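So this block is data.pdb, PDB, C-alpha atoms:
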```pdb
ATOM      1  CA  MET A   6      59.506  58.061  80.395
ATOM      2  CA  ARG A   7      60.623  58.910  76.861
ATOM      3  CA  THR A   8      58.164  61.234  75.186
ATOM      4  CA  ARG A   9      58.474  61.557  71.426
ATOM      5  CA  LEU A  10      58.170  65.060  69.978
ATOM      6  CA  GLN A  11      55.327  65.381  67.496
ATOM      7  CA  LEU A  12      54.993  67.819  64.635
ATOM      8  CA  GLY A  13      52.900  70.826  65.502
ATOM      9  CA  ASP A  14      54.095  73.761  63.421
ATOM     10  CA  ILE A  15      50.796  75.558  62.753
ATOM     11  CA  PRO A  16      50.655  79.009  64.408
ATOM     12  CA  VAL A  17      47.838  79.583  66.875
ATOM     13  CA  GLU A  18      45.005  81.973  66.109
ATOM     14  CA  PRO A  19      45.757  85.608  66.988
ATOM     15  CA  THR A  20      44.303  86.751  70.302
ATOM     16  CA  PRO A  21      44.034  90.225  71.823
ATOM     17  CA  LEU A  22      46.514  91.207  74.502
ATOM     18  CA  ASP A  23      45.020  91.324  77.985
ATOM     19  CA  ALA A  24      43.813  94.863  78.648
ATOM     20  CA  ASP A  25      44.014  94.270  82.401
ATOM     21  CA  VAL A  26      47.622  93.073  82.305
ATOM     22  CA  GLU A  27      48.648  95.273  85.261
ATOM     23  CA  ASP A  28      46.084  93.584  87.474
ATOM     24  CA  ARG A  29      47.129  90.154  86.222
ATOM     25  CA  ILE A  30      50.808  90.840  86.913
ATOM     26  CA  ALA A  31      49.918  91.964  90.434
ATOM     27  CA  GLU A  32      47.818  88.835  90.910
ATOM     28  CA  ALA A  33      50.674  86.652  89.662
ATOM     29  CA  ALA A  34      53.119  88.378  92.016
ATOM     30  CA  ASP A  35      50.725  87.814  94.894
ATOM     31  CA  MET A  36      50.168  84.177  93.945
ATOM     32  CA  LEU A  37      53.877  83.354  93.604
ATOM     33  CA  ALA A  38      55.067  85.293  96.656
ATOM     34  CA  GLY A  39      56.967  83.059  99.045
ATOM     35  CA  CYS A  40      56.834  80.107  96.631
ATOM     36  CA  ARG A  41      59.672  78.044  95.221
ATOM     37  CA  VAL A  42      58.877  78.579  91.554
ATOM     38  CA  VAL A  43      60.050  76.370  88.706
ATOM     39  CA  VAL A  44      59.837  77.981  85.264
ATOM     40  CA  LEU A  45      59.123  76.250  81.945
ATOM     41  CA  THR A  46      59.975  78.306  78.865
ATOM     42  CA  GLY A  47      59.301  77.931  75.168
ATOM     43  CA  ALA A  48      60.207  79.714  71.950
ATOM     44  CA  GLY A  49      57.895  82.651  72.698
ATOM     45  CA  ILE A  50      60.336  84.007  75.274
ATOM     46  CA  SER A  51      63.041  84.374  72.619
ATOM     47  CA  THR A  52      61.151  86.091  69.808
ATOM     48  CA  GLU A  53      62.147  89.512  71.167
ATOM     49  CA  SER A  54      65.774  88.405  70.772
ATOM     50  CA  GLY A  55      65.183  87.980  67.045
ATOM     51  CA  ILE A  56      64.714  84.202  67.074
ATOM     52  CA  PRO A  57      61.484  83.150  65.331
ATOM     53  CA  ASP A  58      59.134  80.546  66.719
ATOM     54  CA  TYR A  59      56.725  78.058  65.183
ATOM     55  CA  ARG A  60      53.372  78.768  66.779
ATOM     56  CA  SER A  61      52.971  82.344  68.022
ATOM     57  CA  PRO A  62      50.163  84.352  66.416
ATOM     58  CA  GLY A  63      51.380  85.726  63.105
ATOM     59  CA  SER A  64      54.272  83.278  62.690
ATOM     60  CA  PRO A  65      54.627  81.915  59.140
ATOM     61  CA  PRO A  66      53.936  78.195  58.690
ATOM     62  CA  ARG A  67      57.167  76.215  58.998
ATOM     63  CA  THR A  68      58.189  72.577  58.721
ATOM     64  CA  PRO A  69      60.453  71.614  61.646
ATOM     65  CA  MET A  70      63.361  69.255  61.124
ATOM     66  CA  THR A  71      62.493  65.629  61.872
ATOM     67  CA  LEU A  72      64.830  62.804  62.800
ATOM     68  CA  GLU A  73      63.525  60.788  59.857
ATOM     69  CA  MET A  74      64.400  63.604  57.449
ATOM     70  CA  PHE A  75      67.883  64.009  58.927
ATOM     71  CA  LEU A  76      68.664  60.299  58.616
ATOM     72  CA  SER A  77      67.067  59.885  55.187
ATOM     73  CA  SER A  78      70.228  60.283  53.064
ATOM     74  CA  PRO A  79      73.788  61.689  52.998
ATOM     75  CA  GLU A  80      72.585  64.238  50.433
ATOM     76  CA  PHE A  81      69.901  65.543  52.753
ATOM     77  CA  ARG A  82      72.353  65.811  55.638
ATOM     78  CA  ARG A  83      74.805  67.741  53.454
ATOM     79  CA  HIS A  84      71.969  70.067  52.471
ATOM     80  CA  TYR A  85      70.979  70.436  56.120
ATOM     81  CA  TRP A  86      74.511  71.168  57.347
ATOM     82  CA  ALA A  87      74.991  73.786  54.652
ATOM     83  CA  ARG A  88      71.885  75.569  55.926
ATOM     84  CA  ASN A  89      72.886  75.098  59.560
ATOM     85  CA  HIS A  90      76.359  76.456  58.807
ATOM     86  CA  LEU A  91      74.667  79.803  58.256
ATOM     87  CA  GLY A  92      71.675  79.516  60.584
ATOM     88  CA  TRP A  93      73.626  78.745  63.748
ATOM     89  CA  ARG A  94      75.506  82.042  63.390
ATOM     90  CA  HIS A  95      72.240  83.960  63.688
ATOM     91  CA  MET A  96      71.327  82.075  66.854
ATOM     92  CA  ASP A  97      74.828  82.439  68.287
ATOM     93  CA  ALA A  98      74.687  86.199  67.751
ATOM     94  CA  ALA A  99      71.327  86.520  69.560
ATOM     95  CA  ARG A 100      71.368  88.112  72.991
ATOM     96  CA  PRO A 101      69.071  87.634  75.982
ATOM     97  CA  ASN A 102      66.129  89.997  76.148
ATOM     98  CA  SER A 103      64.431  91.550  79.166
ATOM     99  CA  ALA A 104      62.421  88.373  79.866
ATOM    100  CA  HIS A 105      65.534  86.172  80.096
ATOM    101  CA  LEU A 106      67.260  88.726  82.305
ATOM    102  CA  ALA A 107      64.196  88.997  84.549
ATOM    103  CA  LEU A 108      64.237  85.240  85.188
ATOM    104  CA  THR A 109      67.915  85.480  86.132
ATOM    105  CA  ASP A 110      67.052  88.286  88.564
ATOM    106  CA  LEU A 111      64.255  86.179  90.039
ATOM    107  CA  GLN A 112      66.618  83.240  90.477
ATOM    108  CA  ARG A 113      69.267  85.389  92.153
ATOM    109  CA  ALA A 114      66.591  86.740  94.486
ATOM    110  CA  GLY A 115      65.700  83.170  95.453
ATOM    111  CA  ARG A 116      62.243  83.368  93.902
ATOM    112  CA  VAL A 117      62.940  80.939  91.025
ATOM    113  CA  SER A 118      64.563  77.581  91.719
ATOM    114  CA  THR A 119      65.118  76.154  88.234
ATOM    115  CA  VAL A 120      64.404  77.013  84.603
ATOM    116  CA  ILE A 121      63.361  74.159  82.318
ATOM    117  CA  THR A 122      63.515  75.228  78.693
ATOM    118  CA  GLN A 123      62.288  73.732  75.444
ATOM    119  CA  ASN A 124      64.552  76.152  73.571
ATOM    120  CA  VAL A 125      67.916  75.305  72.021
ATOM    121  CA  ASP A 126      69.120  78.925  71.819
ATOM    122  CA  MET A 127      71.148  78.990  75.091
ATOM    123  CA  LEU A 128      69.780  82.450  75.896
ATOM    124  CA  HIS A 129      69.001  81.546  79.517
ATOM    125  CA  THR A 130      72.624  80.538  80.014
ATOM    126  CA  LYS A 131      73.825  83.692  78.273
ATOM    127  CA  ALA A 132      71.594  85.676  80.634
ATOM    128  CA  GLY A 133      73.346  84.124  83.632
ATOM    129  CA  THR A 134      70.655  81.698  84.781
ATOM    130  CA  ARG A 135      72.214  78.742  86.597
ATOM    131  CA  GLY A 136      71.363  75.050  86.274
ATOM    132  CA  VAL A 137      69.141  75.365  83.205
ATOM    133  CA  ILE A 138      67.554  72.072  82.137
ATOM    134  CA  GLU A 139      67.690  72.042  78.324
ATOM    135  CA  LEU A 140      64.998  69.533  77.395
ATOM    136  CA  HIS A 141      65.687  69.685  73.675
ATOM    137  CA  GLY A 142      69.458  70.178  73.799
ATOM    138  CA  CYS A 143      71.236  73.240  72.433
ATOM    139  CA  TYR A 144      72.700  74.523  69.191
ATOM    140  CA  GLY A 145      76.193  74.893  70.669
ATOM    141  CA  ARG A 146      77.064  71.174  70.736
ATOM    142  CA  VAL A 147      77.395  68.520  68.036
ATOM    143  CA  ARG A 148      77.675  64.792  68.674
ATOM    144  CA  CYS A 149      78.219  61.548  66.792
ATOM    145  CA  LEU A 150      75.188  59.281  66.634
ATOM    146  CA  SER A 151      77.413  56.183  66.723
ATOM    147  CA  CYS A 152      80.143  56.751  69.325
ATOM    148  CA  ASP A 153      78.801  59.897  71.064
ATOM    149  CA  TRP A 154      81.988  61.861  70.264
ATOM    150  CA  ARG A 155      81.275  65.554  70.821
ATOM    151  CA  ILE A 156      82.528  68.863  69.505
ATOM    152  CA  SER A 157      81.459  72.446  70.088
ATOM    153  CA  ARG A 158      79.593  74.138  67.262
ATOM    154  CA  HIS A 159      82.292  76.824  67.178
ATOM    155  CA  ARG A 160      85.071  74.275  66.615
ATOM    156  CA  LEU A 161      83.049  72.455  63.962
ATOM    157  CA  ALA A 162      82.381  75.774  62.227
ATOM    158  CA  ALA A 163      86.117  76.402  61.998
ATOM    159  CA  ARG A 164      86.630  73.008  60.325
ATOM    160  CA  LEU A 165      83.765  73.600  57.908
ATOM    161  CA  GLU A 166      85.113  77.037  57.062
ATOM    162  CA  SER A 167      88.404  75.496  55.957
ATOM    163  CA  LEU A 168      86.537  72.961  53.811
ATOM    164  CA  ASN A 169      84.105  75.522  52.368
ATOM    165  CA  PRO A 170      86.050  78.780  51.936
ATOM    166  CA  GLY A 171      83.830  81.700  50.996
ATOM    167  CA  PHE A 172      80.593  79.695  51.236
ATOM    168  CA  ALA A 173      78.867  82.073  53.660
ATOM    169  CA  GLU A 174      79.839  85.090  51.597
ATOM    170  CA  ARG A 175      78.608  83.511  48.352
ATOM    171  CA  VAL A 176      75.251  82.646  49.867
ATOM    172  CA  ALA A 177      74.880  86.053  51.517
ATOM    173  CA  GLY A 178      75.351  87.631  48.112
ATOM    174  CA  ARG A 179      72.228  85.876  46.836
ATOM    175  CA  GLY A 180      69.891  87.828  49.125
ATOM    176  CA  ALA A 181      68.301  87.703  52.577
ATOM    177  CA  ILE A 182      68.439  84.446  54.515
ATOM    178  CA  GLU A 183      65.488  83.217  56.578
ATOM    179  CA  VAL A 184      66.411  81.391  59.781
ATOM    180  CA  ALA A 185      64.147  78.885  61.565
ATOM    181  CA  PRO A 186      63.836  78.427  65.349
ATOM    182  CA  ASP A 187      66.169  75.390  65.313
ATOM    183  CA  ALA A 188      69.061  77.328  63.675
ATOM    184  CA  ASP A 189      68.227  75.979  60.210
ATOM    185  CA  ALA A 190      68.474  78.490  57.349
ATOM    186  CA  THR A 191      66.423  78.487  54.163
ATOM    187  CA  LEU A 192      68.689  77.765  51.196
ATOM    188  CA  THR A 193      68.075  76.041  47.887
ATOM    189  CA  ASP A 194      71.439  75.406  46.196
ATOM    190  CA  THR A 195      73.868  73.675  48.579
ATOM    191  CA  SER A 196      75.418  71.198  46.145
ATOM    192  CA  ASP A 197      78.915  72.618  46.610
ATOM    193  CA  PHE A 198      78.973  72.296  50.396
ATOM    194  CA  VAL A 199      81.373  69.793  52.001
ATOM    195  CA  MET A 200      80.431  68.137  55.311
ATOM    196  CA  ILE A 201      82.553  65.881  57.510
ATOM    197  CA  ASP A 202      81.765  62.661  59.372
ATOM    198  CA  CYS A 203      82.858  61.791  62.892
ATOM    199  CA  PRO A 204      86.687  61.795  62.964
ATOM    200  CA  GLN A 205      86.653  59.053  65.614
ATOM    201  CA  CYS A 206      84.445  56.407  63.983
ATOM    202  CA  GLY A 207      83.128  57.820  60.704
ATOM    203  CA  GLY A 208      79.585  58.085  62.094
ATOM    204  CA  ILE A 209      76.922  60.698  61.449
ATOM    205  CA  LEU A 210      77.357  64.061  63.173
ATOM    206  CA  LYS A 211      74.176  65.720  64.410
ATOM    207  CA  PRO A 212      73.493  68.884  66.400
ATOM    208  CA  ASP A 213      72.816  68.019  70.043
ATOM    209  CA  ILE A 214      69.176  68.958  69.516
ATOM    210  CA  VAL A 215      66.096  66.784  69.994
ATOM    211  CA  TYR A 216      64.332  66.826  66.630
ATOM    212  CA  PHE A 217      60.662  66.164  66.074
ATOM    213  CA  GLY A 218      60.168  62.406  66.034
ATOM    214  CA  GLU A 219      63.012  61.974  68.527
ATOM    215  CA  THR A 220      62.790  61.219  72.247
ATOM    216  CA  VAL A 221      63.922  63.420  75.110
ATOM    217  CA  PRO A 222      66.506  61.481  77.171
ATOM    218  CA  LYS A 223      64.885  59.804  80.161
ATOM    219  CA  PRO A 224      67.377  61.128  82.776
ATOM    220  CA  LEU A 225      66.638  64.682  81.652
ATOM    221  CA  VAL A 226      62.887  64.111  81.922
ATOM    222  CA  GLU A 227      63.256  62.614  85.393
ATOM    223  CA  GLN A 228      65.412  65.542  86.487
ATOM    224  CA  ALA A 229      62.764  67.980  85.267
ATOM    225  CA  PHE A 230      59.979  66.044  87.005
ATOM    226  CA  SER A 231      62.016  66.162  90.192
ATOM    227  CA  VAL A 232      62.342  69.950  90.218
ATOM    228  CA  VAL A 233      58.629  70.311  89.446
ATOM    229  CA  ASP A 234      57.823  68.003  92.357
ATOM    230  CA  GLU A 235      60.071  70.009  94.688
ATOM    231  CA  ALA A 236      58.614  73.370  93.644
ATOM    232  CA  ASP A 237      55.572  75.096  95.092
ATOM    233  CA  ALA A 238      54.394  76.604  91.803
ATOM    234  CA  LEU A 239      54.941  76.435  88.036
ATOM    235  CA  LEU A 240      55.423  79.469  85.783
ATOM    236  CA  VAL A 241      55.090  78.752  82.042
ATOM    237  CA  VAL A 242      56.499  81.404  79.712
ATOM    238  CA  GLY A 243      56.281  81.578  75.924
ATOM    239  CA  SER A 244      55.058  78.061  75.232
ATOM    240  CA  SER A 245      51.808  76.919  73.658
ATOM    241  CA  LEU A 246      52.513  73.488  75.212
ATOM    242  CA  THR A 247      51.458  71.904  71.933
ATOM    243  CA  VAL A 248      53.793  68.929  72.363
ATOM    244  CA  MET A 249      53.768  66.592  75.345
ATOM    245  CA  SER A 250      57.416  67.451  75.999
ATOM    246  CA  GLY A 251      56.247  70.548  77.895
ATOM    247  CA  LEU A 252      52.582  69.824  78.584
ATOM    248  CA  ARG A 253      53.406  66.893  80.887
ATOM    249  CA  PHE A 254      54.989  69.246  83.427
ATOM    250  CA  ALA A 255      51.882  71.415  83.573
ATOM    251  CA  ARG A 256      49.743  68.315  84.021
ATOM    252  CA  ARG A 257      52.029  67.026  86.779
ATOM    253  CA  ALA A 258      51.908  70.333  88.649
ATOM    254  CA  HIS A 259      48.129  70.441  88.258
ATOM    255  CA  ARG A 260      47.707  66.911  89.625
ATOM    256  CA  ALA A 261      49.767  67.933  92.658
ATOM    257  CA  GLY A 262      47.534  70.952  93.257
ATOM    258  CA  LYS A 263      50.306  73.490  92.581
ATOM    259  CA  PRO A 264      49.463  76.972  91.250
ATOM    260  CA  ILE A 265      50.207  77.377  87.538
ATOM    261  CA  VAL A 266      50.755  80.797  85.959
ATOM    262  CA  ILE A 267      51.005  80.926  82.150
ATOM    263  CA  VAL A 268      52.437  83.923  80.271
ATOM    264  CA  ASN A 269      51.999  83.405  76.540
ATOM    265  CA  ARG A 270      50.774  85.062  73.380
ATOM    266  CA  GLY A 271      47.774  83.045  72.260
ATOM    267  CA  HIS A 272      46.074  79.951  73.578
ATOM    268  CA  THR A 273      47.906  76.981  75.107
ATOM    269  CA  ARG A 274      46.930  73.357  75.668
ATOM    270  CA  ALA A 275      47.088  73.954  79.411
ATOM    271  CA  ASP A 276      44.849  77.010  79.634
ATOM    272  CA  GLU A 277      42.194  74.998  81.487
ATOM    273  CA  LEU A 278      44.835  73.877  84.015
ATOM    274  CA  ALA A 279      46.150  77.368  84.694
ATOM    275  CA  THR A 280      45.422  79.163  87.931
ATOM    276  CA  LEU A 281      46.166  82.398  86.061
ATOM    277  CA  LYS A 282      46.770  83.087  82.367
ATOM    278  CA  ILE A 283      48.373  86.292  81.068
ATOM    279  CA  ASP A 284      48.104  86.832  77.324
ATOM    280  CA  HIS A 285      50.898  89.322  76.756
ATOM    281  CA  ARG A 286      54.547  89.609  75.764
ATOM    282  CA  ALA A 287      57.022  87.959  78.103
ATOM    283  CA  GLY A 288      59.326  90.939  77.657
ATOM    284  CA  VAL A 289      56.699  93.126  79.292
ATOM    285  CA  VAL A 290      55.337  90.797  81.971
ATOM    286  CA  LEU A 291      58.461  89.203  83.451
ATOM    287  CA  PRO A 292      60.453  92.385  84.167
ATOM    288  CA  GLU A 293      57.422  93.795  85.995
ATOM    289  CA  LEU A 294      57.006  90.556  87.888
ATOM    290  CA  ALA A 295      60.701  90.618  88.834
ATOM    291  CA  ARG A 296      60.697  94.161  90.186
ATOM    292  CA  GLY A 297      57.113  94.211  91.455
ATOM    293  CA  ARG A 298      55.764  93.203  94.803
ATOM    294  CA  ALA A 299      52.978  90.941  95.909
ATOM    295  CA  ARG A 300      49.853  92.682  97.116
ATOM    296  CA  SER A 301      48.954  92.337 100.762
ATOM    297  CA  ALA A 302      45.533  91.016 101.598
ATOM    298  CA  GLY A 303      43.030  93.756 100.843
ATOM    299  CA  ASP A 304      45.681  95.949  99.181
ATOM    300  CA  ASP A 305      44.622  97.348  95.802
ATOM    301  CA  HIS A 306      48.009  98.882  94.928
ATOM    302  CA  GLN A 307      49.407  97.996  91.513
ATOM    303  CA  VAL A 308      52.794  96.400  90.881
ATOM    304  CA  VAL A 309      55.520  98.948  91.504
ATOM    305  CA  GLY A 310      57.223 100.462  88.445
ATOM    306  CA  VAL A 311      54.884  99.286  85.651
ATOM    307  CA  ASN A 312      55.988 100.735  82.326
ATOM    308  CA  HIS A 313      52.668 101.966  80.958
ATOM    309  CA  ARG A 314      54.114 102.744  77.548
ATOM    310  CA  ALA A 315      55.382  99.180  77.189
ATOM    311  CA  LEU A 316      52.033  97.799  78.279
ATOM    312  CA  GLN A 317      50.354  99.647  75.430
ATOM    313  CA  ILE A 318      52.484  97.946  72.783
ATOM    314  CA  ARG A 319      50.369  95.672  70.616
ATOM    315  CA  GLY A 320      52.433  92.952  68.967
TER     316      GLY A 320
END
```
I'd like the structure from this file rewritten - as structure tokens, please.
Amino acid sequence: MRTRLQLGDIPVEPTPLDADVEDRIAEAADMLAGCRVVVLTGAGISTESGIPDYRSPGSPPRTPMTLEMFLSSPEFRRHYWARNHLGWRHMDAARPNSAHLALTDLQRAGRVSTVITQNVDMLHTKAGTRGVIELHGCYGRVRCLSCDWRISRHRLAARLESLNPGFAERVAGRGAIEVAPDADATLTDTSDFVMIDCPQCGGILKPDIVYFGETVPKPLVEQAFSVVDEADALLVVGSSLTVMSGLRFARRAHRAGKPIVIVNRGHTRADELATLKIDHRAGVVLPELARGRARSAGDDHQVVGVNHRALQIRG
């Protein structure tokens, strides 16, 4: 199966945070206790690390990069790489937040089997999570579209620095730079930027990221389906599931009768499939889920250690 990503960059309508979030966290802990849980994450888990997303309530409208745009002309690709030359630095400097770290704790405790992510920010890996399935690739690799030659983004940056001395400093002097969720930066004048082609075959170099209009590699999809099939429950975090790339896993878990817990700000396309939905920040919910305990039958105790001040944060 090769699902093509579709454009869907309109933020969802703002929704109020769940007032009964403590009860919902306790219910989620109870529901997932003793289960092999597979986790599907989206851009909403990384917003507290300073990486913007496309669809959370309050996000500005953005136009994601498409494969058609990237391949349209050498001039466009030069313009893109100039922006990426700055934008990737912001993503590389980002650090895992409490939600990423909580998933690592859950995995180490044997409560989470695998994390499937739609994000390209590598924050799960930075947090120490093992065996992450990166559905849409990651910003840290670049490959040739012709011969599949690969280079790390750090090594490519060094080459581009030598070809474009002072470029970052000149652009920074023009004012603040806005960075998109795919490590693209908003710039207008990039006419003086020099980009390279593949040193092996002269082909087009592209970040190892699945753009909108591009297909997720079939082996990766099958691997993700496999871990969903082997799991007892699915936890979705920070994804509106607007594109089929993520929604298909919720549908597969639902067809198999597995519990589905969704933690997300705003509505998702799988709300009607969810066994439990928590409309709150991942940075609040996941740490409590990681250090909480499931309720025993008939036990009305709340999750241990809930940070009441954090739960009162709105936005």
note = Of A:Gly49, A:Gly39, A:Gly243, A:Pro57, the one sitting nearest Val268 of chain A when using all atoms listed in the file is A:Gly243
request  = List every protein, DNA or RNA residue that has an atom no more than 7 Å from (57.9, 86.3, 84.3) in the file's coordinate frame, counting only C-alpha atoms, and report them as an MDAnalysis selection string.
outcome  = chainID A and resid 104 107:108 242 287 290:292 294:295
task = Just the residues within 7 Å of Gly142 of chain A, please, counting all atoms listed in the file, with nothing from its chain fewer than 3 positions along; format it as a PyMOL selection string.
result = chain A and resi 125+139+213-215
task = Could you tell me which residues the PyMOL selection byres ((chain A and resi 266) around 6) returns for this structure, as a PyMOL selection string?
result = chain A and resi 240+265+267+279-282
inquiry  = When you count all atoms listed in the file, which of these residues is closest to Pro222 of chain A: A:Ile138, A:Leu210, A:Ala275, A:Ala173?
reply    =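 For Pro222 of chain A, the nearest of the given residues is A:Ile138.
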task = With the file shown as input, list the residues that the PyMOL selection byres ((chain A and resi 208) around 8) selects, as a list in words.
result = Cys149, Leu150, Ser151, Cys152, Asp202, Cys203, Gln205, Cys206, Gly207, Ile209 and Leu210 of chain A
Report as JSON the centre and the edge lengths, in Å to one decimal, of the axis-aligned box holding every listed atom of segment 69-72 of chain A, padded by 4 Å on each side.
```
{"center_x": 62.6, "center_y": 67.2, "center_z": 62.0, "size_x": 12.4, "size_y": 16.8, "size_z": 9.7}
```
request  = Go through the shown structure with the PyMOL selection byres ((chain A and resi 105) around 8) and write out the matching residues as a list in words.
outcome  =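 With the shown file as input, the PyMOL selection byres ((chain A and resi 105) around 8) matches Ile50, Pro101, Asn102, Ser103, Ala104, Leu106, Ala107, Leu108, Thr109, Leu128, His129 and Ala132 of chain A.
Picture a line from atom CA of Ala87 of chain A to atom CA of Glu73 of chain A; it runs 18.1 Å.
Residues within 12 Å of Leu278 of chain A, counting all atoms listed in the file and excluding same-chain residues fewer than 6 positions away, are Leu239, Val241, Leu246, Leu252, Arg253, Phe254, Ala255, Arg256, Arg257, Ala258, His259, Arg260, Ala261, Gly262, Lys263, Pro264, Ile265, Val266 and Ile267 of chain A.
Distances from A:Ile30, A:Val147, A:Met249, A:Val117 to Arg135 of chain A were compared using all atoms listed in the file, and the smallest one belongs to A:Val117.
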ask   = Can you list, as a VMD selection string, every protein, DNA or RNA residue that comes within 8 Å of segment 70-72 of chain A when you count only C-alpha atoms, leaving out same-chain residues fewer than 4 positions away?
value = chain A and resid 76 187 216 to 219
request  = Have a look at atom CA of Thr52 of chain A and atom CA of Val248 of chain A and let me know their distance in Å, one decimal.
outcome  = 18.8 Å
inquiry  = Using all atoms listed in the file, can you tell me which of A:Ala229, A:Ala236, A:Leu22, A:Ala34 comes closest to Glu293 of chain A?
reply    =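 Among A:Ala229, A:Ala236, A:Leu22, A:Ala34, it is A:Ala34 that comes nearest to Glu293 of chain A.
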ask   = So how many Å separate atom CA of Arg82 of chain A and atom CA of Met127 of chain A, to one decimal?
value = 23.5 Å
request  = Give as a VMD selection string the set of residues within 12 Å of the point (58.1, 59.1, 83.0), where distances use the file's coordinates and all atoms listed in the file.
outcome  = chain A and resid 6 to 9 220 to 231 249 to 250 253 to 254 257
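Using all atoms listed in the file, the shortest contact distance between Thr119 of chain A and any of A:Asn169, A:Thr46, A:Ser157, A:Ser51 is found at A:Thr46.
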ask   = Quick one: residues within 7 Å of Asp237 of chain A, only C-alpha atoms counted, chain neighbours fewer than 5 positions away excluded, as an MDAnalysis selection string?
value = chainID A and resid 40:42 263
key: Counting all atoms listed in the file, the option among A:Leu45, A:Arg175, A:Glu80, A:Lys211 closest to Leu140 of chain A   = A:Leu45
